[in-house]
Amino acid sequence: MNDNNKYNRRSFIETASLVAAGFYVMPLFSSCKSDTPSAHPNVGTTVNSDFNANIDIQLKAVQSSTEILSAKNTATYSYMGTLIKGDKQTLQQLEGSALGPIIRVKKGDKVRIRFENEIPEKSIIHWHGLHVSHENDGHPEHVIGTGETYFYEFEVMNRAGTYWFHPHPHRKTGEQVYKGLAGLFIVTDDEEKALNLPTGDYDIPIVIQDRTFDENSQLIYLPNGRMDQMRGFLGNRILVNGKIDNTLSLNKDGKYRLRLLNGSNSRAYKLAWSTGEPLTVFGVDGGLLESPETLPYLVLGPAQRVDLWLDLSKNSENEELKLVHLPIPLDTMMSGGMMDGGMMSGGMMGNQSDDSLPYNSQFDILNVNVGASRKNDASLPDRLSNATALNPADAANRTSPRTFNFGMEEMMEWTINGRTYNGMEVADDEIVKLNTTEVWRINNGGNISTKGQNSGGGMMGRHGKGGMMGNNRGMGNMMQMPHPVHIHQLQFNIINRNSDNVDQNLWNAVKDGFINEGWQDSVYLLPGMYMDLVMRFEDFKGLFLYHCHNLEHEDMGMMRNFKIE
Ligand code: C2O
Ligand code: CU
Ligand code: CU
């Protein structure tokens with residue numbers, strides 16, 4: 001921590017305790033519209049009696065013990081939910097899983113969450129994808145210690161869609177998620193209800209994660225330390241909804257909505273049906289697409305969600321259908337410089353053991369057993385939604401997008417524009433104006449020759465010096481990593497995905513698996529790729545995060561604030 005960070009931290013604590021002591025102070029992070037119901041100056045420390053919650057949930061993070069593999073229990077963390085107010089469908093604990101609960105709400109609901117931290121380390125919850133104020137966003141500077149409570153109070157302003165929640169303490173997010181802290185936050189609204197989409201037993205959440213266990217059935221995290229951290233955790237088996245048994249028994253003639261979340265720390269998947277049937281996707285991070293899309297396979301990066309349509313009327317009883325991962329030629333690229341004769345081989349990084357599932361192999365994600373016929377009345381219309389996208393022409397900076405280079409500073413640090421996370425720090429180029437629309441160019445080393453950027457481009461960061469590191473391309477060749485980039489607080493539209501500098505072999509393996517339509521909060525940037533995103537800053541001022549959702553990269557500091565003012 002540098003001085004700046006300490007100062008910020010101290011100010012925050014002082015402000016928080018003044019407020020807790022009942023003094024009225026101008027909130028330090030005056031980030032809410034004063035007429036917003038979620039606006040309250042207590043920074044999470046007390047219940048605001050003026051907030052008229054129709055849903056009230058106690059959510060405890062606890063140490064748990066879960067039977068994941070047979071025989072022996074695995075030490076895990078879990079969120080345990082108790083419904084204080086609301087319909088009983090609001091909260092669904094997942095039986096036999098460390099994950100969950102699933103929280104189901106409607107747009108317009110006023111939600112209070114009493115987060116009680118009972119794990120032996122600091123934590124805070126972030127509501128991934130939700131449009132909430134700074135105080136409700138789970139900023140790492142809002143972490144609470146063991147035995148403490150943080151009160152969230154917000155109105156659900158998002159469209160119907162599959163959002164989720166997970167811890168967000170700096171440097172510990174990866175490990176806490178890995179141990180089991182994550183749940184779905186499912187929003188419905190009138191637009192969605194007017195459609196005849198599958199509900200109840202035909203609406204199935206599927207959280208995909210990779211894990212590695214030792215011979216005592218305990219989770220192993222980053223066994224090779226820094227080396228694994230640089231790459232991001234990759235496990236050797238797949239868990240679905242926190243379970244090792246990835247078989248779903250569904251009914252012939254059923255029409256299903258499969259809500260997929262890639263809840264893995266760093267792994268992306270290239271998903272396909274074993275039958276060769278194309279995938280029908282009708283929703284993404286921020287809800288329903290205008291129209292369903294059909295893809296031969298789908299690339300799902302960390303934190304991304306999709307709605308898949310599955311109609312089992314053409315399948316036969318007792319048929320087994322699989323959702324598989326198809327090979328992506330990424331292993332060599334990601335480990336190339338690190339393991340095979342690059343600067344970091346030998347000494348520092350050498351001798352790692354790695355039995356993680358190779359990207360460039362096929363493995364099963366989900367088995368679907370088709371059982372006896374049971375029809376449901378559901379259909380997938382051609383037109384799902386009227387949620388029109390933002391118009392890039394409305395962006396103040398359309399011709400010179402705000403550019404963020406996701407790359408590497410010096411040898412061993414993942415950075416954004418050459419910087420790493422530093423508490424509440426915000427740089428000049430991270431400040432935006434409320435009620436404006438902007439284009440952001442997020443770049444994973446692909447935009448090397450852009451004018452106006454420093455010569456370092458994506459890989460070198462702010463120094464851009466040659467000597468030790470060689471040129472950009474050299475550095476790129478040494479460690480080329482995908483970066484799954486996520487922006488808090490809003491949903492954006494994708495304008496452009498540029499693959500000119502992506503390795504052709506890699507691009508050919510994945511190019512038909514991306515969805516560029518709809519509202520998204522997380523995108524998967526291949527090495528060499530850049531994307532232009534259009535977004536609008538509305539309703540809340542304050543500090544929000546944007547970061548790499550490779551959780552190990554995030555924990556290493558590939559995360560920054562942007563400020564809406
Ligand atoms: Cu799901 Cu800041 O993250
Ligand atoms: Cu988020
Ligand atoms: Cu990253």
# chains A, B, ... in the order shown; residues from 1 in each chain; ligands from 1
$ residues_around --residues "His553 in chain A" --least-positions-apart "4" --cutoff "7 Å" --atoms "only C-alpha atoms" --output "PyMOL selection string"
chain A and resi 230+232+414+548+557-558
$ residues_near_ligand --ligand "ligand 3" --cutoff "8 Å" --atoms "only C-alpha atoms and all ligand atoms" --output "PDB file with N, CA and C atoms, in the first residue's frame"
ATOM      1  N   GLY A 232      -3.804 -17.745 -13.795  1.00  0.00           N
ATOM      2  CA  GLY A 232      -5.176 -17.884 -13.322  1.00  0.00           C
ATOM      3  C   GLY A 232      -5.437 -19.339 -13.010  1.00  0.00           C
ATOM      4  N   PHE A 406      -5.299  -3.646 -21.293  1.00  0.00           N
ATOM      5  CA  PHE A 406      -5.117  -4.730 -20.317  1.00  0.00           C
ATOM      6  C   PHE A 406      -3.855  -5.470 -20.705  1.00  0.00           C
ATOM      7  N   GLY A 407      -2.845  -5.373 -19.863  1.00  0.00           N
ATOM      8  CA  GLY A 407      -1.575  -5.971 -20.245  1.00  0.00           C
ATOM      9  C   GLY A 407      -0.689  -6.212 -19.060  1.00  0.00           C
ATOM     10  N   TRP A 414       0.009  -7.777 -13.711  1.00  0.00           N
ATOM     11  CA  TRP A 414      -1.045  -7.496 -14.684  1.00  0.00           C
ATOM     12  C   TRP A 414      -1.600  -6.101 -14.410  1.00  0.00           C
ATOM     13  N   MET A 481      -2.246 -13.851 -22.745  1.00  0.00           N
ATOM     14  CA  MET A 481      -3.344 -14.336 -21.922  1.00  0.00           C
ATOM     15  C   MET A 481      -4.646 -13.709 -22.362  1.00  0.00           C
ATOM     16  N   PRO A 482      -5.716 -14.484 -22.357  1.00  0.00           N
ATOM     17  CA  PRO A 482      -7.016 -13.842 -22.510  1.00  0.00           C
ATOM     18  C   PRO A 482      -7.322 -13.039 -21.234  1.00  0.00           C
ATOM     19  N   HIS A 483      -8.048 -11.958 -21.370  1.00  0.00           N
ATOM     20  CA  HIS A 483      -8.508 -11.212 -20.194  1.00  0.00           C
ATOM     21  C   HIS A 483     -10.026 -11.038 -20.281  1.00  0.00           C
ATOM     22  N   PRO A 484     -10.753 -11.673 -19.385  1.00  0.00           N
ATOM     23  CA  PRO A 484     -12.206 -11.474 -19.345  1.00  0.00           C
ATOM     24  C   PRO A 484     -12.501 -10.171 -18.601  1.00  0.00           C
ATOM     25  N   VAL A 485     -12.939  -9.168 -19.323  1.00  0.00           N
ATOM     26  CA  VAL A 485     -13.069  -7.840 -18.726  1.00  0.00           C
ATOM     27  C   VAL A 485     -14.513  -7.562 -18.301  1.00  0.00           C
ATOM     28  N   CYS A 548     -10.271  -7.166 -14.672  1.00  0.00           N
ATOM     29  CA  CYS A 548     -10.206  -8.473 -15.314  1.00  0.00           C
ATOM     30  C   CYS A 548     -10.933  -9.452 -14.402  1.00  0.00           C
ATOM     31  N   HIS A 549     -11.823 -10.266 -14.967  1.00  0.00           N
ATOM     32  CA  HIS A 549     -12.568 -11.241 -14.160  1.00  0.00           C
ATOM     33  C   HIS A 549     -11.892 -12.605 -14.138  1.00  0.00           C
ATOM     34  N   ASN A 550     -10.655 -12.664 -14.615  1.00  0.00           N
ATOM     35  CA  ASN A 550      -9.802 -13.769 -14.223  1.00  0.00           C
ATOM     36  C   ASN A 550      -9.482 -13.415 -12.767  1.00  0.00           C
ATOM     37  N   LEU A 551     -10.061 -14.160 -11.828  1.00  0.00           N
ATOM     38  CA  LEU A 551     -10.052 -13.684 -10.442  1.00  0.00           C
ATOM     39  C   LEU A 551      -8.647 -13.602  -9.858  1.00  0.00           C
ATOM     40  N   GLU A 552      -7.744 -14.414 -10.392  1.00  0.00           N
ATOM     41  CA  GLU A 552      -6.364 -14.314  -9.920  1.00  0.00           C
ATOM     42  C   GLU A 552      -5.725 -13.026 -10.442  1.00  0.00           C
ATOM     43  N   HIS A 553      -6.043 -12.658 -11.667  1.00  0.00           N
ATOM     44  CA  HIS A 553      -5.543 -11.380 -12.196  1.00  0.00           C
ATOM     45  C   HIS A 553      -6.123 -10.222 -11.391  1.00  0.00           C
ATOM     46  N   GLU A 554      -7.408 -10.311 -11.131  1.00  0.00           N
ATOM     47  CA  GLU A 554      -8.064  -9.269 -10.332  1.00  0.00           C
ATOM     48  C   GLU A 554      -7.389  -9.141  -8.958  1.00  0.00           C
ATOM     49  N   MET A 558      -5.260  -6.325 -11.244  1.00  0.00           N
ATOM     50  CA  MET A 558      -5.745  -5.943 -12.577  1.00  0.00           C
ATOM     51  C   MET A 558      -7.184  -5.446 -12.429  1.00  0.00           C
TER      52      MET A 558
END
$ closest_atom_pairs --of "chain A" --to "ligand 1" --cutoff "10 Å" --atoms "only C-alpha atoms and all ligand atoms" --output "JSON lines"
{"residue": "A:Ile125", "atom": "CA", "partner": "ligand 1", "partner_atom_place_in_ligand_line": "3 (O)", "distance": 9.5}
{"residue": "A:His126", "atom": "CA", "partner": "ligand 1", "partner_atom_place_in_ligand_line": "3 (O)", "distance": 6.6}
{"residue": "A:Trp127", "atom": "CA", "partner": "ligand 1", "partner_atom_place_in_ligand_line": "1 (Cu)", "distance": 7.4}
{"residue": "A:His128", "atom": "CA", "partner": "ligand 1", "partner_atom_place_in_ligand_line": "1 (Cu)", "distance": 4.7}
{"residue": "A:Gly129", "atom": "CA", "partner": "ligand 1", "partner_atom_place_in_ligand_line": "1 (Cu)", "distance": 7.5}
{"residue": "A:Asp137", "atom": "CA", "partner": "ligand 1", "partner_atom_place_in_ligand_line": "2 (Cu)", "distance": 8.8}
{"residue": "A:Gly138", "atom": "CA", "partner": "ligand 1", "partner_atom_place_in_ligand_line": "2 (Cu)", "distance": 8.3}
{"residue": "A:His139", "atom": "CA", "partner": "ligand 1", "partner_atom_place_in_ligand_line": "2 (Cu)", "distance": 8.2}
{"residue": "A:Pro140", "atom": "CA", "partner": "ligand 1", "partner_atom_place_in_ligand_line": "2 (Cu)", "distance": 9.1}
{"residue": "A:Tyr163", "atom": "CA", "partner": "ligand 1", "partner_atom_place_in_ligand_line": "1 (Cu)", "distance": 9.3}
{"residue": "A:Trp164", "atom": "CA", "partner": "ligand 1", "partner_atom_place_in_ligand_line": "1 (Cu)", "distance": 7.6}
{"residue": "A:Phe165", "atom": "CA", "partner": "ligand 1", "partner_atom_place_in_ligand_line": "1 (Cu)", "distance": 7.0}
{"residue": "A:His166", "atom": "CA", "partner": "ligand 1", "partner_atom_place_in_ligand_line": "1 (Cu)", "distance": 6.6}
{"residue": "A:Pro167", "atom": "CA", "partner": "ligand 1", "partner_atom_place_in_ligand_line": "3 (O)", "distance": 8.2}
{"residue": "A:His168", "atom": "CA", "partner": "ligand 1", "partner_atom_place_in_ligand_line": "2 (Cu)", "distance": 6.5}
{"residue": "A:Pro169", "atom": "CA", "partner": "ligand 1", "partner_atom_place_in_ligand_line": "2 (Cu)", "distance": 9.6}
{"residue": "A:Thr173", "atom": "CA", "partner": "ligand 1", "partner_atom_place_in_ligand_line": "3 (O)", "distance": 8.9}
{"residue": "A:Val177", "atom": "CA", "partner": "ligand 1", "partner_atom_place_in_ligand_line": "1 (Cu)", "distance": 10.0}
{"residue": "A:Ala182", "atom": "CA", "partner": "ligand 1", "partner_atom_place_in_ligand_line": "1 (Cu)", "distance": 9.5}
{"residue": "A:Gly263", "atom": "CA", "partner": "ligand 1", "partner_atom_place_in_ligand_line": "1 (Cu)", "distance": 9.0}
{"residue": "A:Asn265", "atom": "CA", "partner": "ligand 1", "partner_atom_place_in_ligand_line": "1 (Cu)", "distance": 10.0}
{"residue": "A:Pro302", "atom": "CA", "partner": "ligand 1", "partner_atom_place_in_ligand_line": "1 (Cu)", "distance": 8.7}
{"residue": "A:Ala303", "atom": "CA", "partner": "ligand 1", "partner_atom_place_in_ligand_line": "1 (Cu)", "distance": 6.0}
{"residue": "A:Gln304", "atom": "CA", "partner": "ligand 1", "partner_atom_place_in_ligand_line": "1 (Cu)", "distance": 9.1}
{"residue": "A:Val485", "atom": "CA", "partner": "ligand 1", "partner_atom_place_in_ligand_line": "3 (O)", "distance": 9.4}
{"residue": "A:His486", "atom": "CA", "partner": "ligand 1", "partner_atom_place_in_ligand_line": "3 (O)", "distance": 6.7}
{"residue": "A:Ile487", "atom": "CA", "partner": "ligand 1", "partner_atom_place_in_ligand_line": "2 (Cu)", "distance": 7.2}
{"residue": "A:His488", "atom": "CA", "partner": "ligand 1", "partner_atom_place_in_ligand_line": "2 (Cu)", "distance": 6.1}
{"residue": "A:Gln489", "atom": "CA", "partner": "ligand 1", "partner_atom_place_in_ligand_line": "2 (Cu)", "distance": 9.4}
{"residue": "A:Asp521", "atom": "CA", "partner": "ligand 1", "partner_atom_place_in_ligand_line": "1 (Cu)", "distance": 9.1}
{"residue": "A:Ser522", "atom": "CA", "partner": "ligand 1", "partner_atom_place_in_ligand_line": "1 (Cu)", "distance": 8.5}
{"residue": "A:Phe544", "atom": "CA", "partner": "ligand 1", "partner_atom_place_in_ligand_line": "2 (Cu)", "distance": 8.8}
{"residue": "A:Leu545", "atom": "CA", "partner": "ligand 1", "partner_atom_place_in_ligand_line": "2 (Cu)", "distance": 6.2}
{"residue": "A:Tyr546", "atom": "CA", "partner": "ligand 1", "partner_atom_place_in_ligand_line": "2 (Cu)", "distance": 6.6}
{"residue": "A:His547", "atom": "CA", "partner": "ligand 1", "partner_atom_place_in_ligand_line": "2 (Cu)", "distance": 6.5}
{"residue": "A:Cys548", "atom": "CA", "partner": "ligand 1", "partner_atom_place_in_ligand_line": "2 (Cu)", "distance": 8.2}
{"residue": "A:His549", "atom": "CA", "partner": "ligand 1", "partner_atom_place_in_ligand_line": "3 (O)", "distance": 6.4}
{"residue": "A:Asn550", "atom": "CA", "partner": "ligand 1", "partner_atom_place_in_ligand_line": "1 (Cu)", "distance": 9.6}
{"residue": "A:Leu551", "atom": "CA", "partner": "ligand 1", "partner_atom_place_in_ligand_line": "3 (O)", "distance": 8.6}
{"residue": "A:Glu554", "atom": "CA", "partner": "ligand 1", "partner_atom_place_in_ligand_line": "2 (Cu)", "distance": 8.4}
{"residue": "A:Met559", "atom": "CA", "partner": "ligand 1", "partner_atom_place_in_ligand_line": "2 (Cu)", "distance": 8.3}
{"residue": "A:Arg560", "atom": "CA", "partner": "ligand 1", "partner_atom_place_in_ligand_line": "2 (Cu)", "distance": 9.9}
$ residues_around --residues "Ala53 in chain A" --least-positions-apart "5" --cutoff "8 Å" --atoms "only C-alpha atoms" --output "VMD selection string"
chain A and resid 109 to 112 153
$ residues_around --residues "Glu517 in chain A" --least-positions-apart "3" --cutoff "7 Å" --atoms "only C-alpha atoms" --output "ChimeraX atom specification"
/A:289,493-494
$ closest_residue --among "A:Asn505, A:Gln491, A:Thr82, A:Thr332" --to "ligand 2" --atoms "only C-alpha atoms and all ligand atoms"
A:Gln491
$ closest_residue --among "A:Met531, A:His131, A:Gly180, A:Ile119" --to "ligand 2" --atoms "only C-alpha atoms and all ligand atoms"
A:His131
$ residues_around --residues "Asn117 in chain A" --least-positions-apart "6" --cutoff "10 Å" --atoms "only C-alpha atoms" --output "mmCIF file with C-alpha atoms, in the first residue's frame"
data_model
loop_
_atom_site.group_PDB
_atom_site.id
_atom_site.type_symbol
_atom_site.label_atom_id
_atom_site.label_comp_id
_atom_site.auth_asym_id
_atom_site.auth_seq_id
_atom_site.Cartn_x
_atom_site.Cartn_y
_atom_site.Cartn_z
ATOM 1 C CA LEU A 59 -27.088 -13.789 4.140
ATOM 2 C CA LYS A 60 -24.292 -15.285 6.199
ATOM 3 C CA ALA A 61 -20.929 -16.288 4.843
ATOM 4 C CA VAL A 62 -19.941 -19.332 6.866
ATOM 5 C CA TYR A 79 -23.654 -18.331 1.868
ATOM 6 C CA SER A 123 -15.221 -10.094 2.944
ATOM 7 C CA ILE A 124 -17.882 -8.096 1.144
ATOM 8 C CA ILE A 125 -20.541 -9.062 -1.401
ATOM 9 C CA VAL A 143 -14.938 -5.133 3.495
ATOM 10 C CA ILE A 144 -16.136 -6.147 6.917
ATOM 11 C CA GLY A 145 -14.340 -8.332 9.420
ATOM 12 C CA THR A 146 -15.452 -11.581 11.010
ATOM 13 C CA GLY A 147 -18.565 -11.067 13.112
ATOM 14 C CA GLU A 148 -19.555 -7.831 11.379
ATOM 15 C CA THR A 149 -22.645 -7.039 9.312
ATOM 16 C CA TYR A 150 -23.058 -4.951 6.176
#
$ atom_distance --atom1 "CA of Leu326 in chain A" --atom2 "CA of Ser217 in chain A"
27.5 Å
$ closest_residue --among "A:Leu195, A:Val306, A:Ile442, A:Met479" --to "Pro381 in chain A" --atoms "only C-alpha atoms"
A:Leu195
$ closest_residue --among "A:His170, A:Ser264, A:Asn136, A:Gly183" --to "Gly81 in chain A" --atoms "only C-alpha atoms"
A:Gly183
$ select_by_dssp --residues "range 154-393 of chain A" --states "strand (DSSP E or B)" --output "ChimeraX atom specification"
/A:154-155,161-167,183-188,203-211,213,219,237-240,243,247-252,255-262,269-273,279-284,287-295,298-300,305-311,320-325,363-373
$ residues_around --residues "Gly286 in chain A" --least-positions-apart "4" --cutoff "9 Å" --atoms "only C-alpha atoms" --output "PyMOL selection string"
chain A and resi 129-130+158-163+305+491-492+518-521
$ write_last_selection --atoms "N, CA and C atoms" --output "PDB file, in the first residue's frame"
ATOM      1  N   GLY A 129     -23.407  -7.266 -12.096  1.00  0.00           N
ATOM      2  CA  GLY A 129     -24.334  -6.915 -13.171  1.00  0.00           C
ATOM      3  C   GLY A 129     -25.429  -5.960 -12.735  1.00  0.00           C
ATOM      4  N   LEU A 130     -25.613  -5.793 -11.421  1.00  0.00           N
ATOM      5  CA  LEU A 130     -26.708  -4.938 -10.970  1.00  0.00           C
ATOM      6  C   LEU A 130     -26.333  -3.457 -11.024  1.00  0.00           C
ATOM      7  N   ASN A 158     -32.592  -3.396 -12.723  1.00  0.00           N
ATOM      8  CA  ASN A 158     -32.202  -4.120 -13.936  1.00  0.00           C
ATOM      9  C   ASN A 158     -33.370  -4.803 -14.620  1.00  0.00           C
ATOM     10  N   ARG A 159     -33.165  -5.057 -15.893  1.00  0.00           N
ATOM     11  CA  ARG A 159     -34.098  -5.886 -16.651  1.00  0.00           C
ATOM     12  C   ARG A 159     -34.060  -7.312 -16.121  1.00  0.00           C
ATOM     13  N   ALA A 160     -35.048  -8.089 -16.546  1.00  0.00           N
ATOM     14  CA  ALA A 160     -35.020  -9.519 -16.257  1.00  0.00           C
ATOM     15  C   ALA A 160     -33.724 -10.102 -16.796  1.00  0.00           C
ATOM     16  N   GLY A 161     -33.114 -10.966 -16.017  1.00  0.00           N
ATOM     17  CA  GLY A 161     -31.872 -11.584 -16.469  1.00  0.00           C
ATOM     18  C   GLY A 161     -31.232 -12.365 -15.342  1.00  0.00           C
ATOM     19  N   THR A 162     -30.129 -13.000 -15.664  1.00  0.00           N
ATOM     20  CA  THR A 162     -29.406 -13.820 -14.698  1.00  0.00           C
ATOM     21  C   THR A 162     -28.184 -13.053 -14.224  1.00  0.00           C
ATOM     22  N   TYR A 163     -28.279 -12.519 -13.032  1.00  0.00           N
ATOM     23  CA  TYR A 163     -27.150 -11.820 -12.430  1.00  0.00           C
ATOM     24  C   TYR A 163     -26.589 -12.736 -11.350  1.00  0.00           C
ATOM     25  N   ARG A 305     -22.969 -14.935 -18.595  1.00  0.00           N
ATOM     26  CA  ARG A 305     -24.172 -15.772 -18.507  1.00  0.00           C
ATOM     27  C   ARG A 305     -24.840 -15.838 -19.866  1.00  0.00           C
ATOM     28  N   GLN A 491     -24.703  -2.086 -17.792  1.00  0.00           N
ATOM     29  CA  GLN A 491     -24.672  -3.034 -18.905  1.00  0.00           C
ATOM     30  C   GLN A 491     -24.332  -2.232 -20.152  1.00  0.00           C
ATOM     31  N   PHE A 492     -23.477  -2.779 -20.981  1.00  0.00           N
ATOM     32  CA  PHE A 492     -23.063  -2.078 -22.195  1.00  0.00           C
ATOM     33  C   PHE A 492     -23.470  -2.864 -23.429  1.00  0.00           C
ATOM     34  N   GLY A 518     -27.098  -7.521 -27.648  1.00  0.00           N
ATOM     35  CA  GLY A 518     -27.675  -7.507 -26.313  1.00  0.00           C
ATOM     36  C   GLY A 518     -26.867  -6.688 -25.317  1.00  0.00           C
ATOM     37  N   TRP A 519     -27.266  -6.821 -24.051  1.00  0.00           N
ATOM     38  CA  TRP A 519     -26.672  -6.054 -22.954  1.00  0.00           C
ATOM     39  C   TRP A 519     -25.745  -6.963 -22.177  1.00  0.00           C
ATOM     40  N   GLN A 520     -24.515  -6.519 -22.022  1.00  0.00           N
ATOM     41  CA  GLN A 520     -23.531  -7.381 -21.387  1.00  0.00           C
ATOM     42  C   GLN A 520     -22.742  -6.586 -20.355  1.00  0.00           C
ATOM     43  N   ASP A 521     -22.179  -7.317 -19.397  1.00  0.00           N
ATOM     44  CA  ASP A 521     -21.302  -6.653 -18.425  1.00  0.00           C
ATOM     45  C   ASP A 521     -19.928  -7.280 -18.368  1.00  0.00           C
TER      46      ASP A 521
END
$ residues_around --residues "Tyr221 in chain A" --least-positions-apart "4" --cutoff "8 Å" --atoms "only C-alpha atoms" --output "list of chain:residue names"
A:Glu175, A:Tyr178, A:Thr212, A:Phe233
$ closest_residue --among "A:Gly235, A:Gly418, A:Gly528, A:Gly44" --to "Ile220 in chain A" --atoms "only C-alpha atoms"
A:Gly235
